[in-house]
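Below: the structure, in C-alpha cells.
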Amino acid sequence: MTTTAERQMELTLPMVADIEIAAARAAGNLAREIGMSAEKIDEMAHAIIEACINAREHSCCVDNRIYLRFVGTLQGVGNPRVDIWITDHGRGFDLIEARTRRQKLGTAYKRGRGIQLMEAHMDEVEIITSAEGTTVHMVKLENAKAGNHD
Amino acid sequence: MTEELRVVVERRPAGAILYTRGYINNVGGEEIANRAYELMDDNVRAILLNLRETKIVNSIGISILIEIIEKMMDKGGRISFCCLTPVIHKTFQIMGLANYATIFDSEDAALKELNLHNQ
C-alpha cells in the first residue's frame, strides 16, 4: 500500500495555561485537511490534551517548552493516519510506577489517569522517558482495521 | 487562548440544572464545584449538568467532577449529566465517573427521570 506524507507540522509551545488547546487545534486542522472524521479528531484532541498536561504539570523542565510534531499521511483511499510526537526536556518519570498506581487505586484515585485516557483515545501510544525528558508518540487512524505502515 | 468555562444555574422545584459552556479543566471544574456546593448548601439534592456546550474536558476537570459526585452522594443526593459528546461520554466511562452518575442522552430524558420539570 502506498503511503505518502501529506502534511507535516512542528510546533514549540510555552508551558502556559491552556496551551494544550492550541496543540490540539493545530493537530485537528492537519487531520481535517487529510480527511479524518470529526469524531476521530475529537478523540485525538483529548489524547493530545492529556499528553501536554502531563508535560506541563509533571516534567519540571527548565526550558518551559513543549515540542510537538504532527505528520499526516494517507494510507490508500479514505484512511488518514496522524502521527504525533510530544516531547519535553524534563526529568522524566517512572512509567511502570505510574501504570501500577492507577491499577491499584482504581476509580477511587481521581488523578493520574492521563495515560489511560491517551491509550483509550488513540490507536497506538508509545512513551519513552528518561532523566533527559519524555517523548510520547501516538498514532490515530481513521480506520484501525486497515492497519498501519510501521 | 483561554477557554474559560461559563456556568449558568437554573433552579427547579426539585433541584437544579447547571449549563456549562467551554473547557472543563482545573479552573472550569472548580467553577462547577463552586456552583454545585452552593446548591448543596442550599439543600439541593438533585443536580443535572447539561454539557451540551462543552466539547473538551481533561482528566483534572473530571477528577473535580468526581469529587462533586462524592460530596453529593455523602449528602444522599444525586448528580447526573446529559448531552455529552461521544468522546466526553467515552472519557467519563474510562475515568469511572459513569459508575457513580447517570448519563442521559437528552435533557428531556433527564428531566423526566429526575423529576426536574418546572411544574
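Residue numbering restarts at 1 in every chain; chains get A, B, ... in the order shown in the C-alpha cells, and ligands count up from 1 in that same order.
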Using only C-alpha atoms, what does the table of chain B residues within 12 Å of chain A look like, with each row giving the shortest atom pair and its distance in Å to one decimal, sorted by chain and ascending number, as a Markdown table?
```
| residue | atom | partner | partner_atom | distance |
| --- | --- | --- | --- | --- |
| B:Met1 | CA | A:Asp18 | CA | 6.8 |
| B:Thr2 | CA | A:Asp18 | CA | 6.0 |
| B:Glu3 | CA | A:Asp18 | CA | 7.5 |
| B:Glu4 | CA | A:Asp18 | CA | 9.6 |
| B:Leu5 | CA | A:Asp18 | CA | 12.0 |
| B:Gly22 | CA | A:Ile21 | CA | 11.5 |
| B:Tyr23 | CA | A:Ile21 | CA | 9.2 |
| B:Ile24 | CA | A:Asp18 | CA | 10.8 |
| B:Asn25 | CA | A:Asp18 | CA | 8.5 |
| B:Asn26 | CA | A:Asp18 | CA | 10.1 |
| B:Val27 | CA | A:Ala17 | CA | 10.0 |
| B:Gly28 | CA | A:Asp18 | CA | 11.3 |
| B:Lys55 | CA | A:Asp42 | CA | 8.5 |
| B:Ile56 | CA | A:His46 | CA | 7.1 |
| B:Val57 | CA | A:His46 | CA | 7.4 |
| B:Asn58 | CA | A:Glu50 | CA | 6.7 |
| B:Ser59 | CA | A:Gly114 | CA | 6.2 |
| B:Ile60 | CA | A:Arg111 | CA | 6.7 |
| B:Gly61 | CA | A:Arg111 | CA | 9.8 |
| B:Ile62 | CA | A:Lys110 | CA | 8.2 |
| B:Ser63 | CA | A:Lys110 | CA | 5.0 |
| B:Ile64 | CA | A:Lys110 | CA | 8.1 |
| B:Leu65 | CA | A:Lys110 | CA | 9.6 |
| B:Ile66 | CA | A:Lys110 | CA | 7.3 |
| B:Glu67 | CA | A:Lys110 | CA | 8.2 |
| B:Ile68 | CA | A:Lys110 | CA | 11.7 |
| B:Ile69 | CA | A:Lys110 | CA | 11.9 |
| B:Glu70 | CA | A:Ala108 | CA | 10.0 |
| B:Thr85 | CA | A:Glu39 | CA | 9.2 |
| B:Pro86 | CA | A:Glu39 | CA | 7.7 |
| B:Val87 | CA | A:Glu43 | CA | 6.0 |
| B:Ile88 | CA | A:Glu43 | CA | 8.8 |
| B:His89 | CA | A:Glu43 | CA | 11.1 |
| B:Lys90 | CA | A:His121 | CA | 8.7 |
| B:Thr91 | CA | A:Leu117 | CA | 6.9 |
| B:Phe92 | CA | A:Leu117 | CA | 9.8 |
| B:Gln93 | CA | A:Leu117 | CA | 10.2 |
| B:Ile94 | CA | A:Leu117 | CA | 7.0 |
| B:Met95 | CA | A:Thr107 | CA | 6.8 |
| B:Gly96 | CA | A:Thr107 | CA | 5.5 |
| B:Leu97 | CA | A:Thr107 | CA | 8.0 |
| B:Ala98 | CA | A:Thr107 | CA | 10.4 |
| B:Asn99 | CA | A:Thr107 | CA | 8.9 |
| B:Tyr100 | CA | A:Thr107 | CA | 10.0 |
```
How about saving the chosen residues, N, CA and C atoms kept, as a short mmCIF file (atom, residue, chain, number, x, y, z; two decimals), in the first residue's frame?
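As a result, part.cif now contains:
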```cif
data_model
loop_
_atom_site.label_atom_id
_atom_site.label_comp_id
_atom_site.auth_asym_id
_atom_site.auth_seq_id
_atom_site.Cartn_x
_atom_site.Cartn_y
_atom_site.Cartn_z
N MET B 1 -6.57 32.39 23.77
CA MET B 1 -6.20 31.01 24.09
C MET B 1 -7.11 30.42 25.15
N THR B 2 -7.35 31.18 26.22
CA THR B 2 -8.11 30.63 27.34
C THR B 2 -9.53 30.29 26.92
N GLU B 3 -9.96 29.12 27.31
CA GLU B 3 -11.31 28.66 27.02
C GLU B 3 -12.08 28.69 28.33
N GLU B 4 -12.34 29.86 28.80
CA GLU B 4 -12.95 30.00 30.12
C GLU B 4 -14.34 29.36 30.14
N LEU B 5 -14.57 28.61 31.21
CA LEU B 5 -15.86 27.94 31.34
C LEU B 5 -16.89 28.90 31.92
N GLY B 22 -17.83 25.67 27.47
CA GLY B 22 -16.37 25.82 27.44
C GLY B 22 -15.64 24.60 27.99
N TYR B 23 -14.39 24.80 28.26
CA TYR B 23 -13.42 23.75 28.59
C TYR B 23 -13.49 23.40 30.07
N ILE B 24 -13.73 22.14 30.37
CA ILE B 24 -13.72 21.72 31.78
C ILE B 24 -12.31 21.23 32.11
N ASN B 25 -11.49 22.17 32.58
CA ASN B 25 -10.14 21.85 33.08
C ASN B 25 -10.16 22.07 34.59
N ASN B 26 -9.00 22.34 35.18
CA ASN B 26 -8.98 22.56 36.63
C ASN B 26 -9.79 23.79 37.02
N VAL B 27 -9.64 24.85 36.26
CA VAL B 27 -10.36 26.09 36.57
C VAL B 27 -11.86 25.91 36.33
N GLY B 28 -12.19 25.32 35.20
CA GLY B 28 -13.61 25.08 34.89
C GLY B 28 -14.25 24.13 35.88
N LYS B 55 -17.20 20.93 24.73
CA LYS B 55 -16.67 19.98 23.74
C LYS B 55 -15.36 19.35 24.20
N ILE B 56 -14.73 19.94 25.21
CA ILE B 56 -13.44 19.41 25.66
C ILE B 56 -13.41 19.32 27.19
N VAL B 57 -12.92 18.19 27.68
CA VAL B 57 -12.68 18.03 29.11
C VAL B 57 -11.27 17.48 29.27
N ASN B 58 -10.70 17.65 30.45
CA ASN B 58 -9.44 16.95 30.71
C ASN B 58 -9.55 16.18 32.02
N SER B 59 -8.53 15.36 32.29
CA SER B 59 -8.62 14.44 33.43
C SER B 59 -8.68 15.18 34.76
N ILE B 60 -8.09 16.36 34.81
CA ILE B 60 -8.13 17.13 36.07
C ILE B 60 -9.55 17.64 36.30
N GLY B 61 -10.16 18.16 35.25
CA GLY B 61 -11.54 18.63 35.37
C GLY B 61 -12.47 17.50 35.78
N ILE B 62 -12.26 16.33 35.19
CA ILE B 62 -13.12 15.18 35.54
C ILE B 62 -12.90 14.75 36.98
N SER B 63 -11.66 14.83 37.45
CA SER B 63 -11.40 14.46 38.84
C SER B 63 -12.18 15.37 39.80
N ILE B 64 -12.34 16.62 39.41
CA ILE B 64 -13.13 17.55 40.25
C ILE B 64 -14.62 17.19 40.17
N LEU B 65 -15.08 16.80 38.99
CA LEU B 65 -16.48 16.36 38.87
C LEU B 65 -16.74 15.14 39.76
N ILE B 66 -15.77 14.25 39.82
CA ILE B 66 -15.94 13.06 40.67
C ILE B 66 -16.03 13.47 42.14
N GLU B 67 -15.23 14.47 42.52
CA GLU B 67 -15.31 14.96 43.91
C GLU B 67 -16.70 15.54 44.21
N ILE B 68 -17.26 16.23 43.24
CA ILE B 68 -18.61 16.80 43.42
C ILE B 68 -19.62 15.66 43.61
N ILE B 69 -19.49 14.64 42.77
CA ILE B 69 -20.40 13.49 42.87
C ILE B 69 -20.29 12.83 44.25
N GLU B 70 -19.05 12.65 44.70
CA GLU B 70 -18.84 12.01 46.01
C GLU B 70 -19.46 12.84 47.13
N THR B 85 -20.86 14.88 24.33
CA THR B 85 -20.34 14.43 23.03
C THR B 85 -19.92 12.96 23.19
N PRO B 86 -19.84 12.22 22.09
CA PRO B 86 -19.41 10.81 22.20
C PRO B 86 -18.05 10.65 22.88
N VAL B 87 -17.13 11.56 22.60
CA VAL B 87 -15.79 11.42 23.19
C VAL B 87 -15.82 11.74 24.69
N ILE B 88 -16.59 12.73 25.08
CA ILE B 88 -16.69 13.03 26.52
C ILE B 88 -17.39 11.88 27.24
N HIS B 89 -18.41 11.32 26.61
CA HIS B 89 -19.08 10.15 27.20
C HIS B 89 -18.07 9.02 27.42
N LYS B 90 -17.28 8.74 26.39
CA LYS B 90 -16.26 7.69 26.49
C LYS B 90 -15.25 8.01 27.60
N THR B 91 -14.85 9.28 27.67
CA THR B 91 -13.88 9.71 28.67
C THR B 91 -14.44 9.53 30.08
N PHE B 92 -15.70 9.86 30.26
CA PHE B 92 -16.34 9.68 31.57
C PHE B 92 -16.35 8.20 31.97
N GLN B 93 -16.58 7.34 30.99
CA GLN B 93 -16.61 5.91 31.30
C GLN B 93 -15.22 5.42 31.70
N ILE B 94 -14.21 5.88 30.98
CA ILE B 94 -12.83 5.46 31.29
C ILE B 94 -12.43 5.92 32.69
N MET B 95 -12.83 7.13 33.03
CA MET B 95 -12.44 7.71 34.33
C MET B 95 -13.27 7.16 35.49
N GLY B 96 -14.26 6.34 35.20
CA GLY B 96 -15.07 5.77 36.27
C GLY B 96 -16.22 6.63 36.72
N LEU B 97 -16.36 7.79 36.12
CA LEU B 97 -17.42 8.71 36.54
C LEU B 97 -18.80 8.12 36.26
N ALA B 98 -18.89 7.37 35.18
CA ALA B 98 -20.19 6.79 34.81
C ALA B 98 -20.67 5.75 35.81
N ASN B 99 -19.77 5.29 36.69
CA ASN B 99 -20.19 4.32 37.72
C ASN B 99 -21.01 4.98 38.83
N TYR B 100 -20.85 6.28 38.97
CA TYR B 100 -21.46 6.97 40.11
C TYR B 100 -22.51 8.00 39.72
#
```
**Item:** Residues near A:Ile127, cut-off 10 Å, only C-alpha atoms, skip fewer than 5 positions along chain, as a list in words
**Value:** Trp85, Ile86, Thr87, Leu95, Ile115, Thr134, Thr135, Val136, His137 and Met138 of chain A
Output N, CA, C and O atoms of each residue in that selection to a file, as an mmCIF file, in the first residue's frame.
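Once written, selection.cif looks like this:
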```
data_model
loop_
_atom_site.group_PDB
_atom_site.id
_atom_site.type_symbol
_atom_site.label_atom_id
_atom_site.label_comp_id
_atom_site.auth_asym_id
_atom_site.auth_seq_id
_atom_site.Cartn_x
_atom_site.Cartn_y
_atom_site.Cartn_z
ATOM 1 N N TRP A 85 4.133 13.406 17.957
ATOM 2 C CA TRP A 85 5.200 13.289 18.943
ATOM 3 C C TRP A 85 5.129 14.511 19.856
ATOM 4 O O TRP A 85 5.122 15.660 19.368
ATOM 5 N N ILE A 86 5.062 14.273 21.138
ATOM 6 C CA ILE A 86 5.014 15.375 22.119
ATOM 7 C C ILE A 86 6.184 15.164 23.080
ATOM 8 O O ILE A 86 6.262 14.147 23.781
ATOM 9 N N THR A 87 7.099 16.113 23.068
ATOM 10 C CA THR A 87 8.359 15.962 23.810
ATOM 11 C C THR A 87 8.537 17.089 24.829
ATOM 12 O O THR A 87 8.232 18.243 24.541
ATOM 13 N N LEU A 95 7.426 5.123 34.440
ATOM 14 C CA LEU A 95 6.225 4.704 33.705
ATOM 15 C C LEU A 95 5.559 3.493 34.369
ATOM 16 O O LEU A 95 4.328 3.422 34.463
ATOM 17 N N ILE A 115 -2.554 8.897 31.132
ATOM 18 C CA ILE A 115 -2.007 7.869 30.241
ATOM 19 C C ILE A 115 -3.119 6.922 29.805
ATOM 20 O O ILE A 115 -3.212 6.528 28.640
ATOM 21 N N THR A 134 10.945 13.343 28.128
ATOM 22 C CA THR A 134 9.920 12.365 27.770
ATOM 23 C C THR A 134 9.385 12.672 26.375
ATOM 24 O O THR A 134 9.147 13.833 26.041
ATOM 25 N N THR A 135 9.214 11.617 25.591
ATOM 26 C CA THR A 135 8.527 11.752 24.305
ATOM 27 C C THR A 135 7.355 10.777 24.265
ATOM 28 O O THR A 135 7.527 9.587 24.546
ATOM 29 N N VAL A 136 6.194 11.322 23.957
ATOM 30 C CA VAL A 136 5.012 10.491 23.757
ATOM 31 C C VAL A 136 4.739 10.449 22.259
ATOM 32 O O VAL A 136 4.557 11.497 21.632
ATOM 33 N N HIS A 137 4.751 9.252 21.696
ATOM 34 C CA HIS A 137 4.421 9.077 20.277
ATOM 35 C C HIS A 137 3.059 8.395 20.208
ATOM 36 O O HIS A 137 2.859 7.312 20.780
ATOM 37 N N MET A 138 2.125 9.041 19.544
ATOM 38 C CA MET A 138 0.774 8.487 19.444
ATOM 39 C C MET A 138 0.357 8.446 17.969
ATOM 40 O O MET A 138 0.775 9.291 17.171
#
```
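Counting only C-alpha atoms and comparing B:Thr20, B:Leu114, B:Val8, B:Glu31, the residue that lies closest to B:Ile47 is B:Leu114.
The gap separating atom CA of A:His89 from atom CA of A:Ala131 is 8.6 Å, in Å to one decimal.
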**Prompt:** Residues at most 6 Å from B:Ile103, counting only C-alpha atoms, excluding those fewer than 2 positions away in the same chain, as a ChimeraX atom specification?
**Reply:** /B:80-82
Based on the selection just made, write C-alpha atoms of those residues as a compact mmCIF listing (two decimals), in the first residue's frame.
```txt
# COMPACT_ATOMS: atom_id res chain seq x y z
CA SER B 80 -26.48 13.45 36.66
CA PHE B 81 -25.22 14.50 33.24
CA CYS B 82 -26.79 14.95 29.84
```
